[in-house]
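Okay, start.txt is below, compact mmCIF, N, CA and C atoms:
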# COMPACT_ATOMS: atom_id res chain seq x y z
N MET L 1 10.73 -22.36 43.34
CA MET L 1 11.38 -23.04 42.24
C MET L 1 10.35 -23.50 41.20
N TYR L 2 9.23 -24.06 41.68
CA TYR L 2 8.19 -24.54 40.78
C TYR L 2 7.66 -23.40 39.92
N TYR L 3 7.39 -22.24 40.55
CA TYR L 3 6.86 -21.08 39.83
C TYR L 3 7.86 -20.62 38.76
N TYR L 4 9.13 -20.59 39.09
CA TYR L 4 10.17 -20.16 38.15
C TYR L 4 10.23 -21.10 36.95
N CYS L 5 10.24 -22.41 37.20
CA CYS L 5 10.30 -23.38 36.10
C CYS L 5 9.06 -23.33 35.23
N LYS L 6 7.89 -23.18 35.85
CA LYS L 6 6.65 -23.11 35.11
C LYS L 6 6.63 -21.86 34.23
N THR L 7 7.06 -20.73 34.79
CA THR L 7 7.10 -19.47 34.04
C THR L 7 8.09 -19.57 32.88
N LYS L 8 9.24 -20.17 33.12
CA LYS L 8 10.26 -20.35 32.09
C LYS L 8 9.72 -21.23 30.96
N LEU L 9 9.03 -22.32 31.31
CA LEU L 9 8.47 -23.23 30.32
C LEU L 9 7.41 -22.52 29.47
N ILE L 10 6.54 -21.75 30.11
CA ILE L 10 5.51 -21.01 29.38
C ILE L 10 6.17 -20.02 28.44
N CYS L 11 7.21 -19.36 28.89
CA CYS L 11 7.94 -18.40 28.05
C CYS L 11 8.50 -19.08 26.81
N TYR L 12 9.09 -20.27 26.97
CA TYR L 12 9.64 -21.00 25.83
C TYR L 12 8.54 -21.43 24.86
N VAL L 13 7.42 -21.90 25.38
CA VAL L 13 6.31 -22.35 24.54
C VAL L 13 5.74 -21.18 23.75
N VAL L 14 5.55 -20.05 24.40
CA VAL L 14 5.01 -18.87 23.72
C VAL L 14 5.98 -18.39 22.64
N THR L 15 7.25 -18.35 22.93
CA THR L 15 8.25 -17.92 21.95
C THR L 15 8.29 -18.86 20.75
N ALA L 16 8.30 -20.17 21.01
CA ALA L 16 8.32 -21.14 19.92
C ALA L 16 7.05 -21.03 19.07
N SER L 17 5.92 -20.85 19.72
CA SER L 17 4.65 -20.71 18.98
C SER L 17 4.67 -19.47 18.12
N ALA L 18 5.18 -18.37 18.65
CA ALA L 18 5.24 -17.12 17.88
C ALA L 18 6.12 -17.28 16.65
N VAL L 19 7.24 -17.96 16.78
CA VAL L 19 8.13 -18.18 15.65
C VAL L 19 7.45 -19.04 14.59
N VAL L 20 6.80 -20.11 15.01
CA VAL L 20 6.13 -21.01 14.06
C VAL L 20 4.99 -20.29 13.35
N PHE L 21 4.15 -19.60 14.09
CA PHE L 21 3.00 -18.93 13.48
C PHE L 21 3.42 -17.77 12.59
N SER L 22 4.47 -17.05 12.97
CA SER L 22 4.91 -15.95 12.11
C SER L 22 5.51 -16.48 10.82
N THR L 23 6.17 -17.63 10.88
CA THR L 23 6.71 -18.23 9.67
C THR L 23 5.59 -18.68 8.75
N ILE L 24 4.54 -19.25 9.34
CA ILE L 24 3.40 -19.69 8.54
C ILE L 24 2.68 -18.50 7.95
N ALA L 25 2.43 -17.47 8.74
CA ALA L 25 1.63 -16.33 8.30
C ALA L 25 2.39 -15.41 7.34
N PHE L 26 3.65 -15.17 7.60
CA PHE L 26 4.37 -14.18 6.83
C PHE L 26 5.49 -14.75 5.97
N GLY L 27 5.75 -16.03 6.05
CA GLY L 27 6.85 -16.62 5.32
C GLY L 27 6.49 -16.96 3.90
N GLN L 28 6.31 -15.94 3.09
CA GLN L 28 5.99 -16.17 1.68
C GLN L 28 7.26 -16.61 0.95
N THR L 29 7.18 -17.71 0.25
CA THR L 29 8.30 -18.14 -0.56
C THR L 29 8.25 -17.41 -1.89
N SER L 30 9.34 -17.48 -2.64
CA SER L 30 9.37 -16.78 -3.92
C SER L 30 8.33 -17.35 -4.88
N SER L 31 8.05 -18.65 -4.78
CA SER L 31 7.03 -19.22 -5.67
C SER L 31 5.64 -18.71 -5.30
N ASN L 32 5.37 -18.47 -4.00
CA ASN L 32 4.09 -17.89 -3.59
C ASN L 32 3.97 -16.46 -4.13
N VAL L 33 5.03 -15.69 -4.02
CA VAL L 33 5.01 -14.32 -4.52
C VAL L 33 4.85 -14.32 -6.03
N ASP L 34 5.54 -15.22 -6.72
CA ASP L 34 5.38 -15.32 -8.17
C ASP L 34 3.95 -15.67 -8.56
N SER L 35 3.33 -16.56 -7.79
CA SER L 35 1.94 -16.92 -8.10
C SER L 35 1.00 -15.74 -7.82
N LEU L 36 1.30 -14.95 -6.78
CA LEU L 36 0.49 -13.75 -6.53
C LEU L 36 0.62 -12.77 -7.69
N TYR L 37 1.83 -12.59 -8.21
CA TYR L 37 2.02 -11.71 -9.36
C TYR L 37 1.28 -12.24 -10.59
N ALA L 38 1.26 -13.56 -10.76
CA ALA L 38 0.54 -14.15 -11.89
C ALA L 38 -0.97 -13.91 -11.76
N VAL L 39 -1.49 -14.10 -10.56
CA VAL L 39 -2.92 -13.83 -10.32
C VAL L 39 -3.21 -12.36 -10.56
N ARG L 40 -2.32 -11.49 -10.09
CA ARG L 40 -2.50 -10.05 -10.27
C ARG L 40 -2.54 -9.68 -11.75
N SER L 41 -1.64 -10.24 -12.54
CA SER L 41 -1.63 -9.98 -13.99
C SER L 41 -2.93 -10.42 -14.64
N GLN L 42 -3.43 -11.56 -14.22
CA GLN L 42 -4.69 -12.07 -14.76
C GLN L 42 -5.85 -11.13 -14.40
N LEU L 43 -5.88 -10.67 -13.16
CA LEU L 43 -6.93 -9.74 -12.74
C LEU L 43 -6.86 -8.43 -13.53
N ILE L 44 -5.66 -7.94 -13.75
CA ILE L 44 -5.49 -6.70 -14.52
C ILE L 44 -5.98 -6.89 -15.94
N SER L 45 -5.62 -8.01 -16.56
CA SER L 45 -6.06 -8.23 -17.94
C SER L 45 -7.57 -8.40 -18.04
N ASN L 46 -8.21 -8.88 -16.95
CA ASN L 46 -9.66 -9.02 -16.92
C ASN L 46 -10.36 -7.76 -16.39
N LYS L 47 -9.58 -6.70 -16.14
CA LYS L 47 -10.09 -5.42 -15.61
C LYS L 47 -10.85 -5.61 -14.30
N GLN L 48 -10.28 -6.45 -13.41
CA GLN L 48 -10.85 -6.69 -12.10
C GLN L 48 -9.96 -6.07 -11.03
N SER L 49 -10.51 -5.90 -9.84
CA SER L 49 -9.78 -5.31 -8.73
C SER L 49 -8.63 -6.22 -8.29
N THR L 50 -7.49 -5.60 -8.02
CA THR L 50 -6.32 -6.34 -7.54
C THR L 50 -6.06 -6.06 -6.06
N SER L 51 -6.99 -5.41 -5.38
CA SER L 51 -6.77 -4.95 -4.00
C SER L 51 -6.37 -6.07 -3.05
N GLU L 52 -7.07 -7.21 -3.11
CA GLU L 52 -6.76 -8.30 -2.18
C GLU L 52 -5.38 -8.88 -2.45
N VAL L 53 -5.05 -9.07 -3.71
CA VAL L 53 -3.73 -9.60 -4.07
C VAL L 53 -2.65 -8.58 -3.71
N ASP L 54 -2.93 -7.30 -3.94
CA ASP L 54 -1.97 -6.25 -3.60
C ASP L 54 -1.68 -6.23 -2.10
N MET L 55 -2.71 -6.44 -1.29
CA MET L 55 -2.52 -6.48 0.16
C MET L 55 -1.66 -7.67 0.55
N LEU L 56 -1.87 -8.82 -0.06
CA LEU L 56 -1.04 -10.00 0.22
C LEU L 56 0.41 -9.75 -0.19
N LEU L 57 0.60 -9.10 -1.33
CA LEU L 57 1.96 -8.77 -1.75
C LEU L 57 2.62 -7.82 -0.75
N HIS L 58 1.88 -6.82 -0.32
CA HIS L 58 2.40 -5.86 0.65
C HIS L 58 2.78 -6.56 1.95
N GLN L 59 1.93 -7.47 2.42
CA GLN L 59 2.20 -8.19 3.66
C GLN L 59 3.42 -9.09 3.54
N SER L 60 3.73 -9.52 2.33
CA SER L 60 4.90 -10.38 2.14
C SER L 60 6.17 -9.56 1.88
N GLY L 61 6.05 -8.23 1.95
CA GLY L 61 7.22 -7.37 1.75
C GLY L 61 7.49 -7.03 0.30
N ASN L 62 6.53 -7.27 -0.58
CA ASN L 62 6.68 -7.00 -2.01
C ASN L 62 5.59 -6.01 -2.44
N ASN L 63 5.84 -4.72 -2.21
CA ASN L 63 4.82 -3.74 -2.56
C ASN L 63 4.49 -3.80 -4.04
N PRO L 64 3.20 -3.76 -4.36
CA PRO L 64 2.77 -3.86 -5.76
C PRO L 64 3.01 -2.55 -6.51
N THR L 65 2.86 -2.61 -7.82
CA THR L 65 2.88 -1.39 -8.61
C THR L 65 1.48 -0.80 -8.61
N CYS L 66 1.42 0.51 -8.71
CA CYS L 66 0.15 1.22 -8.70
C CYS L 66 -0.42 1.25 -10.11
N ILE L 67 -1.69 0.95 -10.24
CA ILE L 67 -2.36 1.03 -11.53
C ILE L 67 -3.06 2.38 -11.57
N ILE L 68 -2.58 3.27 -12.44
CA ILE L 68 -3.14 4.61 -12.49
C ILE L 68 -3.92 4.83 -13.78
N GLN L 69 -4.80 5.81 -13.74
CA GLN L 69 -5.47 6.32 -14.93
C GLN L 69 -5.07 7.79 -14.99
N GLN L 70 -4.32 8.14 -16.03
CA GLN L 70 -3.90 9.52 -16.17
C GLN L 70 -5.00 10.28 -16.91
N LEU L 71 -5.61 11.24 -16.24
CA LEU L 71 -6.75 11.96 -16.78
C LEU L 71 -6.33 13.07 -17.74
N ASP L 72 -5.23 13.74 -17.44
CA ASP L 72 -4.66 14.77 -18.31
C ASP L 72 -3.19 14.91 -17.91
N ASN L 73 -2.54 15.96 -18.38
CA ASN L 73 -1.12 16.14 -18.10
C ASN L 73 -0.83 16.51 -16.65
N TYR L 74 -1.87 16.79 -15.86
CA TYR L 74 -1.69 17.27 -14.49
C TYR L 74 -2.39 16.41 -13.44
N THR L 75 -3.22 15.47 -13.85
CA THR L 75 -4.06 14.73 -12.91
C THR L 75 -4.04 13.23 -13.21
N PHE L 76 -4.00 12.43 -12.14
CA PHE L 76 -4.16 10.99 -12.28
C PHE L 76 -4.94 10.45 -11.09
N THR L 77 -5.53 9.28 -11.27
CA THR L 77 -6.30 8.62 -10.21
C THR L 77 -5.82 7.18 -10.06
N PHE L 78 -6.10 6.62 -8.90
CA PHE L 78 -5.81 5.21 -8.65
C PHE L 78 -6.64 4.72 -7.49
N LEU L 79 -6.82 3.40 -7.42
CA LEU L 79 -7.50 2.75 -6.30
C LEU L 79 -6.44 2.29 -5.32
N SER L 80 -6.70 2.48 -4.05
CA SER L 80 -5.74 2.07 -3.02
C SER L 80 -6.12 0.69 -2.50
N TYR L 81 -5.11 -0.13 -2.22
CA TYR L 81 -5.37 -1.45 -1.66
C TYR L 81 -5.41 -1.39 -0.13
N ARG L 82 -4.97 -0.28 0.44
CA ARG L 82 -4.97 -0.12 1.90
C ARG L 82 -6.05 0.88 2.29
N PRO L 83 -6.68 0.69 3.44
CA PRO L 83 -7.69 1.64 3.89
C PRO L 83 -7.09 3.04 4.02
N LEU L 84 -7.79 4.03 3.48
CA LEU L 84 -7.26 5.39 3.48
C LEU L 84 -7.70 6.21 4.66
N GLY L 85 -8.70 5.78 5.38
CA GLY L 85 -9.09 6.50 6.58
C GLY L 85 -10.35 7.30 6.45
N ASP L 86 -10.24 8.59 6.75
CA ASP L 86 -11.41 9.45 6.82
C ASP L 86 -11.04 10.86 6.36
N ALA L 87 -11.98 11.80 6.51
CA ALA L 87 -11.76 13.18 6.07
C ALA L 87 -10.60 13.83 6.82
N GLN L 88 -10.44 13.50 8.08
CA GLN L 88 -9.34 14.07 8.86
C GLN L 88 -7.99 13.60 8.31
N ARG L 89 -7.90 12.33 7.97
CA ARG L 89 -6.65 11.82 7.39
C ARG L 89 -6.41 12.44 6.03
N GLU L 90 -7.47 12.62 5.23
CA GLU L 90 -7.32 13.26 3.93
C GLU L 90 -6.70 14.65 4.09
N GLU L 91 -7.17 15.40 5.07
CA GLU L 91 -6.64 16.73 5.30
C GLU L 91 -5.17 16.68 5.72
N LYS L 92 -4.83 15.75 6.61
CA LYS L 92 -3.44 15.61 7.05
C LYS L 92 -2.51 15.22 5.90
N VAL L 93 -2.96 14.28 5.07
CA VAL L 93 -2.16 13.86 3.92
C VAL L 93 -1.95 15.04 2.98
N ASN L 94 -3.00 15.79 2.72
CA ASN L 94 -2.88 16.96 1.85
C ASN L 94 -1.88 17.96 2.40
N LEU L 95 -2.00 18.29 3.67
CA LEU L 95 -1.11 19.28 4.27
C LEU L 95 0.35 18.81 4.26
N ARG L 96 0.56 17.57 4.65
CA ARG L 96 1.92 17.03 4.74
C ARG L 96 2.58 16.95 3.36
N LEU L 97 1.87 16.38 2.39
CA LEU L 97 2.48 16.20 1.08
C LEU L 97 2.60 17.51 0.31
N ARG L 98 1.62 18.41 0.45
CA ARG L 98 1.72 19.70 -0.24
C ARG L 98 2.85 20.55 0.33
N ALA L 99 3.14 20.39 1.61
CA ALA L 99 4.28 21.10 2.20
C ALA L 99 5.60 20.55 1.66
N HIS L 100 5.63 19.26 1.36
CA HIS L 100 6.85 18.62 0.87
C HIS L 100 7.03 18.78 -0.64
N TYR L 101 5.94 18.69 -1.38
CA TYR L 101 5.99 18.77 -2.84
C TYR L 101 5.29 20.05 -3.29
N THR L 102 6.07 21.04 -3.70
CA THR L 102 5.49 22.33 -4.08
C THR L 102 4.65 22.24 -5.35
N TYR L 103 4.87 21.21 -6.15
CA TYR L 103 4.11 21.05 -7.40
C TYR L 103 2.74 20.41 -7.19
N LEU L 104 2.40 20.03 -5.99
CA LEU L 104 1.15 19.34 -5.70
C LEU L 104 0.04 20.33 -5.38
N ASN L 105 -1.08 20.26 -6.13
CA ASN L 105 -2.25 21.09 -5.85
C ASN L 105 -3.12 20.47 -4.77
N VAL L 106 -3.58 19.23 -5.03
CA VAL L 106 -4.51 18.60 -4.10
C VAL L 106 -4.49 17.08 -4.25
N ILE L 107 -4.74 16.41 -3.14
CA ILE L 107 -5.00 14.97 -3.11
C ILE L 107 -6.43 14.83 -2.65
N ASP L 108 -7.26 14.24 -3.48
CA ASP L 108 -8.69 14.15 -3.19
C ASP L 108 -9.08 12.68 -3.09
N PHE L 109 -9.61 12.27 -1.93
CA PHE L 109 -10.09 10.91 -1.74
C PHE L 109 -11.54 10.84 -2.19
N SER L 110 -11.97 9.68 -2.66
CA SER L 110 -13.38 9.48 -3.00
C SER L 110 -14.21 9.49 -1.72
N ASP L 111 -15.52 9.53 -1.86
CA ASP L 111 -16.42 9.56 -0.70
C ASP L 111 -16.24 8.35 0.21
N ASP L 112 -15.93 7.19 -0.39
CA ASP L 112 -15.74 5.98 0.42
C ASP L 112 -14.26 5.72 0.75
N PHE L 113 -13.39 6.66 0.40
CA PHE L 113 -11.96 6.62 0.72
C PHE L 113 -11.25 5.40 0.14
N THR L 114 -11.68 4.95 -1.04
CA THR L 114 -11.02 3.82 -1.70
C THR L 114 -10.20 4.26 -2.90
N SER L 115 -10.50 5.43 -3.45
CA SER L 115 -9.72 5.90 -4.60
C SER L 115 -9.16 7.29 -4.33
N VAL L 116 -8.13 7.62 -5.07
CA VAL L 116 -7.40 8.87 -4.87
C VAL L 116 -7.26 9.58 -6.21
N ARG L 117 -7.47 10.89 -6.19
CA ARG L 117 -7.20 11.73 -7.36
C ARG L 117 -6.13 12.72 -6.95
N ILE L 118 -5.06 12.77 -7.72
CA ILE L 118 -3.95 13.68 -7.45
C ILE L 118 -3.84 14.68 -8.59
N ASN L 119 -3.77 15.95 -8.22
CA ASN L 119 -3.65 17.02 -9.21
C ASN L 119 -2.40 17.85 -8.88
N CYS L 120 -1.60 18.10 -9.91
CA CYS L 120 -0.37 18.87 -9.75
C CYS L 120 -0.44 20.16 -10.56
N ASN L 121 0.41 21.12 -10.21
CA ASN L 121 0.46 22.37 -10.97
C ASN L 121 1.59 22.39 -11.99
N VAL L 122 2.24 21.27 -12.15
CA VAL L 122 3.24 21.08 -13.21
C VAL L 122 2.87 19.82 -13.98
N GLN L 123 3.40 19.70 -15.17
CA GLN L 123 3.11 18.52 -15.99
C GLN L 123 3.69 17.28 -15.33
N LEU L 124 2.90 16.22 -15.30
CA LEU L 124 3.32 14.97 -14.67
C LEU L 124 4.49 14.35 -15.42
N THR L 125 5.43 13.83 -14.65
CA THR L 125 6.55 13.06 -15.19
C THR L 125 6.56 11.71 -14.47
N PRO L 126 7.24 10.73 -15.01
CA PRO L 126 7.33 9.45 -14.29
C PRO L 126 7.91 9.60 -12.89
N ALA L 127 8.89 10.49 -12.71
CA ALA L 127 9.48 10.68 -11.38
C ALA L 127 8.46 11.24 -10.40
N ILE L 128 7.66 12.21 -10.84
CA ILE L 128 6.65 12.80 -9.97
C ILE L 128 5.61 11.76 -9.57
N ILE L 129 5.14 10.99 -10.53
CA ILE L 129 4.13 9.96 -10.23
C ILE L 129 4.70 8.93 -9.27
N ASN L 130 5.93 8.48 -9.52
CA ASN L 130 6.57 7.50 -8.62
C ASN L 130 6.68 8.02 -7.20
N GLU L 131 7.12 9.28 -7.06
CA GLU L 131 7.25 9.86 -5.73
C GLU L 131 5.91 9.87 -5.00
N LEU L 132 4.85 10.26 -5.70
CA LEU L 132 3.55 10.39 -5.05
C LEU L 132 2.93 9.04 -4.71
N VAL L 133 2.99 8.07 -5.62
CA VAL L 133 2.36 6.78 -5.32
C VAL L 133 3.14 6.01 -4.26
N SER L 134 4.43 6.29 -4.10
CA SER L 134 5.20 5.60 -3.07
C SER L 134 4.68 5.94 -1.67
N HIS L 135 4.08 7.11 -1.50
CA HIS L 135 3.51 7.47 -0.20
C HIS L 135 2.30 6.63 0.16
N PHE L 136 1.73 5.95 -0.82
CA PHE L 136 0.57 5.11 -0.58
C PHE L 136 0.94 3.63 -0.58
N GLY L 137 2.23 3.32 -0.48
CA GLY L 137 2.68 1.93 -0.36
C GLY L 137 2.89 1.20 -1.66
N TYR L 138 3.09 1.92 -2.75
CA TYR L 138 3.31 1.29 -4.04
C TYR L 138 4.78 1.37 -4.44
N ASN L 139 5.17 0.46 -5.28
CA ASN L 139 6.52 0.41 -5.82
C ASN L 139 6.41 0.62 -7.33
N GLY L 140 6.38 1.87 -7.75
CA GLY L 140 6.23 2.18 -9.17
C GLY L 140 4.78 2.22 -9.58
N TYR L 141 4.56 2.36 -10.90
CA TYR L 141 3.19 2.47 -11.39
C TYR L 141 3.10 1.92 -12.80
N GLU L 142 1.86 1.62 -13.20
CA GLU L 142 1.52 1.21 -14.56
C GLU L 142 0.31 2.05 -14.98
N ILE L 143 0.26 2.43 -16.24
CA ILE L 143 -0.90 3.16 -16.75
C ILE L 143 -1.80 2.18 -17.48
N HIS L 144 -3.05 2.10 -17.05
CA HIS L 144 -4.05 1.22 -17.69
C HIS L 144 -5.29 1.99 -17.98
If you took the structure in this file and wrote it as structure tokens, what would it be?
Amino acid sequence: MYYYCKTKLICYVVTASAVVFSTIAFGQTSSNVDSLYAVRSQLISNKQSTSEVDMLLHQSGNNPTCIIQQLDNYTFTFLSYRPLGDAQREEKVNLRLRAHYTYLNVIDFSDDFTSVRINCNVQLTPAIINELVSHFGYNGYEIH
């Protein structure tokens, strides 16, 4: 009986702790999200990295917009706020997305896997850019 009660009590304490800590860690209020967007806008206007703020937005369930640089009618680049992995992941992403999107030529990661260059064999449209950046955890895009 003692073992059962002790185990039950520990189970309740662990469950209550998990609920409290998850609320603290992930319970972003709308004012917190609004302040993150305000900080992000300030960073963009100062031409500074938004990666840390973007990660916080992502963790709160509010995927950020992707800031792209369109190099020509077929190519654009962007910095990712999430770790992109390694050469093996780059190859997998290329194979998977090129099989799905026939207009995609190549997805090229930088040497340190923090930025992405996407090249297509058709002229870029807003729909094409949105589809591609959504695979990297973004909700839309902005050209800067």
So which one's closest to Asp108 in chain L, L:Asn121, L:Asn94, L:Ser49, L:Gln70? Using only N, CA and C atoms, please.
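Nearest to Asp108 in chain L: L:Asn94.
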As a check of understanding: the span from CA of Val53 in chain L to CA of Leu36 in chain L is 6.4 Å
Expressed in Å to a single decimal, how great is the separation between atom C of Asp111 in chain L and CA of Ile67 in chain L?
19.6 Å
Members of range 8-139 of chain L assigned strand (DSSP E or B) by DSSP, as a ChimeraX atom specification:
/L:66-70,75-79,104-109,115-120
So which residues touch Asn130 in chain L within 8 Å, counting all atoms listed in the file, skipping near sequence neighbours fewer than 6 positions away, as a ChimeraX atom specification?
/L:138-141
Nearest to Thr125 in chain L by atom-to-atom distance, counting only C-alpha atoms, from L:Thr75, L:Ser110, L:Thr102, L:Asn32
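Nearest candidate to Thr125 in chain L out of L:Thr75, L:Ser110, L:Thr102, L:Asn32: L:Thr75.
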Spatial neighbours of Asn119 in chain L, 5 Å, only N, CA and C atoms, chain gap at least 4 places, as a PyMOL selection string
chain L and resi 74-75+104-106
Can you write out the residues you just picked, keeping N, CA and C atoms, as a PDB file, in the frame of the given file?
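Writing the result to again24.pdb gives the following:
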ATOM      1  N   TYR L  74      -1.870  16.790 -15.860  1.00  0.00           N
ATOM      2  CA  TYR L  74      -1.690  17.270 -14.490  1.00  0.00           C
ATOM      3  C   TYR L  74      -2.390  16.410 -13.440  1.00  0.00           C
ATOM      4  N   THR L  75      -3.220  15.470 -13.850  1.00  0.00           N
ATOM      5  CA  THR L  75      -4.060  14.730 -12.910  1.00  0.00           C
ATOM      6  C   THR L  75      -4.040  13.230 -13.210  1.00  0.00           C
ATOM      7  N   LEU L 104       2.400  20.030  -5.990  1.00  0.00           N
ATOM      8  CA  LEU L 104       1.150  19.340  -5.700  1.00  0.00           C
ATOM      9  C   LEU L 104       0.040  20.330  -5.380  1.00  0.00           C
ATOM     10  N   ASN L 105      -1.080  20.260  -6.130  1.00  0.00           N
ATOM     11  CA  ASN L 105      -2.250  21.090  -5.850  1.00  0.00           C
ATOM     12  C   ASN L 105      -3.120  20.470  -4.770  1.00  0.00           C
ATOM     13  N   VAL L 106      -3.580  19.230  -5.030  1.00  0.00           N
ATOM     14  CA  VAL L 106      -4.510  18.600  -4.100  1.00  0.00           C
ATOM     15  C   VAL L 106      -4.490  17.080  -4.250  1.00  0.00           C
TER      16      VAL L 106
END
Tell me, in Å to one decimal, how far CA of Thr77 in chain L is from CA of Gln42 in chain L.
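Straight-line distance from CA of Thr77 in chain L to CA of Gln42 in chain L works out to 21.2 Å.
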Find the residue from L:Thr65, L:Tyr81, L:Ile143, L:Ser30 that sits nearest to Thr50 in chain L; use all atoms listed in the file when measuring.
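Closest to Thr50 in chain L, using all atoms listed in the file: L:Tyr81.
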Return the single residue from L:Ile129, L:Val116, L:Val33, L:Ile107 that is closest to Gly61 in chain L, with distances computed using only C-alpha atoms.
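Smallest separation from Gly61 in chain L among the options: L:Val33.
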Write out as a list in words which residues come within 8 Å of Ser51 in chain L when counting all atoms listed in the file, dropping same-chain ones fewer than 2 positions away.
Gln48, Ser49, Val53, Asp54, Met55, Leu56, Leu57, Leu79, Ser80, Tyr81 and Arg82 of chain L
Could you turn the residues from that selection into a file that holds N, CA and C atoms, as a short mmCIF file (atom, residue, chain, number, x, y, z; two decimals), keeping the file's coordinate frame?
data_model
loop_
_atom_site.label_atom_id
_atom_site.label_comp_id
_atom_site.auth_asym_id
_atom_site.auth_seq_id
_atom_site.Cartn_x
_atom_site.Cartn_y
_atom_site.Cartn_z
N GLN L 48 -10.28 -6.45 -13.41
CA GLN L 48 -10.85 -6.69 -12.10
C GLN L 48 -9.96 -6.07 -11.03
N SER L 49 -10.51 -5.90 -9.84
CA SER L 49 -9.78 -5.31 -8.73
C SER L 49 -8.63 -6.22 -8.29
N VAL L 53 -5.05 -9.07 -3.71
CA VAL L 53 -3.73 -9.60 -4.07
C VAL L 53 -2.65 -8.58 -3.71
N ASP L 54 -2.93 -7.30 -3.94
CA ASP L 54 -1.97 -6.25 -3.60
C ASP L 54 -1.68 -6.23 -2.10
N MET L 55 -2.71 -6.44 -1.29
CA MET L 55 -2.52 -6.48 0.16
C MET L 55 -1.66 -7.67 0.55
N LEU L 56 -1.87 -8.82 -0.06
CA LEU L 56 -1.04 -10.00 0.22
C LEU L 56 0.41 -9.75 -0.19
N LEU L 57 0.60 -9.10 -1.33
CA LEU L 57 1.96 -8.77 -1.75
C LEU L 57 2.62 -7.82 -0.75
N LEU L 79 -6.82 3.40 -7.42
CA LEU L 79 -7.50 2.75 -6.30
C LEU L 79 -6.44 2.29 -5.32
N SER L 80 -6.70 2.48 -4.05
CA SER L 80 -5.74 2.07 -3.02
C SER L 80 -6.12 0.69 -2.50
N TYR L 81 -5.11 -0.13 -2.22
CA TYR L 81 -5.37 -1.45 -1.66
C TYR L 81 -5.41 -1.39 -0.13
N ARG L 82 -4.97 -0.28 0.44
CA ARG L 82 -4.97 -0.12 1.90
C ARG L 82 -6.05 0.88 2.29
#
Nearest residue to Gly137 in chain L out of L:Leu97, L:Ile118, L:Cys66, L:Val39, using only N, CA and C atoms?
L:Cys66
Go through L:Tyr37, L:Tyr103, L:Leu71, L:Thr114 one by one, measure the shortest atom-to-atom distance of each to Gly85 in chain L using only N, CA and C atoms, and give the residue with the smallest value.
L:Thr114
